[in-house]
There are 2 protein chains.
Amino acid sequence: MDRVVAHYLVETPRDPADAAASLAGEQSSGTFVAVPGETAELKQRFAARVEEITGLETVDSPSLPGHRGEGSLQRARVSVSWSTENFGHNLPTLVSTVQGNLYELAQFSGLKLLDLDFPDDFAAAFRGPAFGIDGCRELTGVHGRPLIGTIMKPSIGMSPAQTAELAGTLAAAGIDFIKDDELMANPPHSPFDERVDAVMQVLDEHAQRSGKRVMYAFNVSDELDAMQRHYDKVVASGGCCAMISLNSVGLAGAKKICDRGELAIHGHRNGWGMLNRHPLLGIEFPAYQKLWRLAGVDQLHVNGIANKFWEDDDSVVRSIGSCLAAEPLGRPLLPVVSSGQWGGQAPETFRRTGTVDLLYMAGGGIMAHPEGPAAGVRSLQTWWQAAVEGLDFDAATARYPELLASVEKFA
Amino acid sequence: MDRVVAHYLVETPRDPADAAASLAGEQSSGTFVAVPGETAELKQRFAARVEEITGLETVDSPSLPGHRGEGSLQRARVSVSWSTENFGHNLPTLVSTVQGNLYELAQFSGLKLLDLDFPDDFAAAFRGPAFGIDGCRELTGVHGRPLIGTIMKPSIGMSPAQTAELAGTLAAAGIDFIKDDELMANPPHSPFDERVDAVMQVLDEHAQRSGKRVMYAFNVSDELDAMQRHYDKVVASGGCCAMISLNSVGLAGAKKICDRGELAIHGHRNGWGMLNRHPLLGIEFPAYQKLWRLAGVDQLHVNGIANKFWEDDDSVVRSIGSCLAAEPLGRPLLPVVSSGQWGGQAPETFRRTGTVDLLYMAGGGIMAHPEGPAAGVRSLQTWWQAAVEGLDFDAATARYPELLASVEKFA
């Protein structure tokens, strides 16, 4: 049976089985009024089905306002399935089905979409990531270690010439990947085409000199026609990567760009905190990354160990695992590790994830390294070498004393 | 000065002025590293500016997890402005600027975008709603009272012929507006084109017989190319309205469809609870409706008085006011009042909003009326007539005893 299963964490004043039945009803054929031609068979075919309910703890105060009901609140994990016939391969309507009005139901004082399971053949209708991890490694020639990347800073305000100059400095330092900040798209002081021309000239010259091609993720996020023009410009200029602010652009627009398949797509998840920070509202990363994998994103942000944002390490580790999982959903995604990273987190990142299939992003860890950006890039590579050798933080600095400069500056 | 101002409600363990400065820095040029050519003037030009801080109450427990800091938490209203030069008229990048990473900052234990103020000429770069309230009235020929509408139920499972048959029943009952459910887009059992053909034939026949044209909002939500094809089909078939699940489709895709301007766009906000239900996370409706007004939506959901969802009446009243406000942002939006509406809420809705510029949606209030759908539509019109005459609930039923049938059934 071809069914999509959605797993939720819920909190409800009612019996969780009743609440789950309301959920299933609201999001399928449950609110039937009598209609000519309606049959039990029809209802059976399109009804959402409650597959599993696991009771969890009881709490006294509601996580979200506006529920109707008295007394204490029961938390539960609830799994509900829909026939794929309800929405076909229409991603926005899939989202409206498994999320949609659910968050507004007064039967719940908390509801979070945890994960989605798709039938084996569901992904066949989607290309999924055109490049994925292997493709991004081929484009950059980086194997056996994480890609080392950085973000153009200041976020906003640099001219194309300034951006290109900094890109040249970073390329000379040995960087694998550079991205625009999400605040920098196509403003009057840095028109997109001029920025691409200036940056690609510097990176092409670097490639000719060194044989090394740096991947630059140009931020194409914009109105749809403008995104298409920006994409064309990157392709015509010999670039290999475009960045999209996924939540701001949205699923239909982002997928339209991903479907072109000529550039690796760097998926920026700014806005994610709004969707995820509350423990009983929104969506968890395992479900989120599957939607974007189906849409065709190649690289997706996951924060990093000991990041500067609110997210804890367990959540980061789980997100990396989600990106790398061999789901029946097209190629695995390249996890983009960032936020407060300087290399010292590499041993713990590797210990907990066991992978070097990462795009490891550092800003200050490169540009503010006491011995300059080239030493900053080398330091990150050495931290990762030590991590892969199984060294912990202290053992790494003992074997590679050159790491101490970064420890003194950033730890 | 051309600046966009964003107003936030925040909760922070720090001095709100410090926290606001972090917010402004994170979302503009504040995290400057030394860059060749950087000048104080450049920084001044692109920096976000804290415009106003109003301290509110202090609380002991954080609204969201993951903040860094000790002790009690201060709530405040904070207004921050950006030069429009930072993002131009690029809506997705505007969203990444005023929302984006903000929700992940550990300096806050709560952050909600309350409203946005745009410079007077900002909207000139956008068409905005192609029809708005006046256009929707012209398309339906309804003046001086709310448009009365309903949703096709069951949500999912009906064939095109069944959908058309029910549309015919509703048209005969005198309905002004019908919409697909957001779960019904283009599934195998009701292919979009077949549904449009079947429904439009019935509605065209009705128009020829009665002179009255019913507005049917076909749910075009889908991948972008499919949305374009669905839109073409509606135009070619003489339809006048398309529905988009705004949050599921996203800003770039929805705007691309809105920009065509040949159909009124019914904006469904399913998924809204995820963005709004928590008092200190996400976005409030006044900001949300401005983004969608710029994108070109004509009709936008606002729930209704005494709705079946979690939202309270004050919030609904404020949302209606937001849609109708004569902002410098193109035409006002037609508020779509729905969720548990049967007519009895009309006096209170009118008392609190003073407007009949509404699309008033009822499902059961029409189909389950004891005297049939035509009596259901008449009942809703009579409730609104009573409301406009200034009658309260009891006075309405006293002057119009025919309303008692609805009271007995639904109150």
# chains A, B, ... in the order shown; residues from 1 in each chain; ligands from 1
>>> residues_around(residues="Leu380 of chain A", least_positions_apart="4", cutoff="7 Å", atoms="only C-alpha atoms", output="list in words")
Trp342, Gly343, Gly376 and Trp384 of chain A
>>> residues_around(residues="Lys233 of chain A", least_positions_apart="5", cutoff="9 Å", atoms="only C-alpha atoms", output="PyMOL selection string")
chain A and resi 192-193+196-197+228+238-239
>>> write_last_selection(atoms="N, CA, C and O atoms", output="CSV table (one decimal), in the first residue's frame")
chain,number,residue,atom,x,y,z
A,192,PHE,N,24.0,41.6,-8.8
A,192,PHE,CA,24.3,40.2,-8.8
A,192,PHE,C,25.3,39.9,-10.0
A,192,PHE,O,26.3,39.2,-9.8
A,193,ASP,N,25.0,40.3,-11.2
A,193,ASP,CA,25.8,40.0,-12.3
A,193,ASP,C,27.2,40.6,-12.2
A,193,ASP,O,28.2,39.9,-12.5
A,196,VAL,N,29.1,38.3,-9.7
A,196,VAL,CA,29.5,37.1,-10.3
A,196,VAL,C,30.7,37.3,-11.3
A,196,VAL,O,31.7,36.5,-11.2
A,197,ASP,N,30.6,38.3,-12.1
A,197,ASP,CA,31.8,38.6,-13.0
A,197,ASP,C,33.1,38.8,-12.2
A,197,ASP,O,34.1,38.2,-12.6
A,228,GLN,N,15.8,32.9,-11.8
A,228,GLN,CA,16.2,32.2,-13.1
A,228,GLN,C,17.3,33.0,-13.8
A,228,GLN,O,18.3,32.4,-14.3
A,238,GLY,N,30.5,30.0,-15.6
A,238,GLY,CA,31.3,28.9,-15.3
A,238,GLY,C,31.2,28.6,-13.8
A,238,GLY,O,32.1,27.8,-13.3
A,239,GLY,N,30.3,29.2,-13.0
A,239,GLY,CA,30.2,28.9,-11.6
A,239,GLY,C,29.5,27.5,-11.5
A,239,GLY,O,29.0,26.9,-12.5
>>> select_by_dssp(residues="segment 125-261 of chain A", states="alpha helix (DSSP H)", output="number ranges by chain")
A: 132-140, 160-172, 192-210, 224-236, 246-249, 251-258
>>> residues_around(residues="Leu94 of chain B", least_positions_apart="5", cutoff="10 Å", atoms="only C-alpha atoms", output="list of chain:residue names")
A:Leu183, A:Ala185, A:Asp222, A:Ser248, B:Val4, B:Trp82, B:Thr84, B:Asn86, B:Phe87, B:Gly88, B:His89, B:Gln99, B:Gly100, B:Leu291
>>> residues_around(residues="Arg352 of chain B", least_positions_apart="3", cutoff="8 Å", atoms="only C-alpha atoms", output="number ranges by chain")
B: 317, 348-349
>>> write_last_selection(atoms="N, CA and C atoms", output="PDB file, in the first residue's frame")
ATOM      1  N   VAL B 317     -10.300  39.937  15.074  1.00  0.00           N
ATOM      2  CA  VAL B 317     -10.716  41.321  14.787  1.00  0.00           C
ATOM      3  C   VAL B 317      -9.528  42.148  14.302  1.00  0.00           C
ATOM      4  N   GLU B 348     -21.854  40.021  16.090  1.00  0.00           N
ATOM      5  CA  GLU B 348     -20.639  40.339  16.829  1.00  0.00           C
ATOM      6  C   GLU B 348     -19.499  40.705  15.865  1.00  0.00           C
ATOM      7  N   THR B 349     -19.425  40.027  14.724  1.00  0.00           N
ATOM      8  CA  THR B 349     -18.396  40.351  13.739  1.00  0.00           C
ATOM      9  C   THR B 349     -18.563  41.782  13.251  1.00  0.00           C
TER      10      THR B 349
END
>>> residues_around(residues="segment 322-332 of chain A", least_positions_apart="4", cutoff="9 Å", atoms="only C-alpha atoms", output="PyMOL selection string")
chain A and resi 118-124+126-134+285-287+289-290+293-294+296+298-300+302+317-318+357
>>> atom_distance(atom1="atom CA of Gly25 of chain A", atom2="atom CA of Met215 of chain B")
27.2 Å
>>> select_by_dssp(residues="segment 162-237 of chain A", states="strand (DSSP E or B)", output="PyMOL selection string")
chain A and resi 177-179+215-219
>>> residues_around(residues="segment 202-206 of chain A", least_positions_apart="3", cutoff="7 Å", atoms="only C-alpha atoms", output="list in words")
Ala164, Gly168, Ala171, Ala198, Val199, Arg209, Ser210 and Val214 of chain A
>>> write_last_selection(atoms="C-alpha atoms", output="compact mmCIF listing (two decimals), in the first residue's frame")
# COMPACT_ATOMS: atom_id res chain seq x y z
CA ALA A 164 36.22 39.46 -5.38
CA GLY A 168 40.95 35.88 -3.97
CA ALA A 171 41.26 31.07 -2.54
CA ALA A 198 34.20 39.98 -10.45
CA VAL A 199 34.31 36.83 -8.30
CA ARG A 209 47.34 29.06 -11.49
CA SER A 210 46.72 26.35 -8.93
CA VAL A 214 36.81 26.92 -5.46
>>> residues_around(residues="Ser28 of chain B", least_positions_apart="5", cutoff="9 Å", atoms="only C-alpha atoms", output="NGL selection string")
(:A and (154-157 or 183)) or (:B and (23 or 46-48 or 82 or 86 or 97))
>>> closest_residue(among="B:Thr150, B:Ser79, B:Thr163, B:Ser338", to="Glu51 of chain B", atoms="only C-alpha atoms")
B:Ser79
>>> closest_residue(among="B:Pro347, B:Gly282, B:Gly304, B:Gly372", to="chain A", atoms="only C-alpha atoms")
B:Gly282
>>> closest_residue(among="B:Met227, B:Ala396, B:Leu403, B:Ile257", to="Glu371 of chain B", atoms="only C-alpha atoms")
B:Leu403
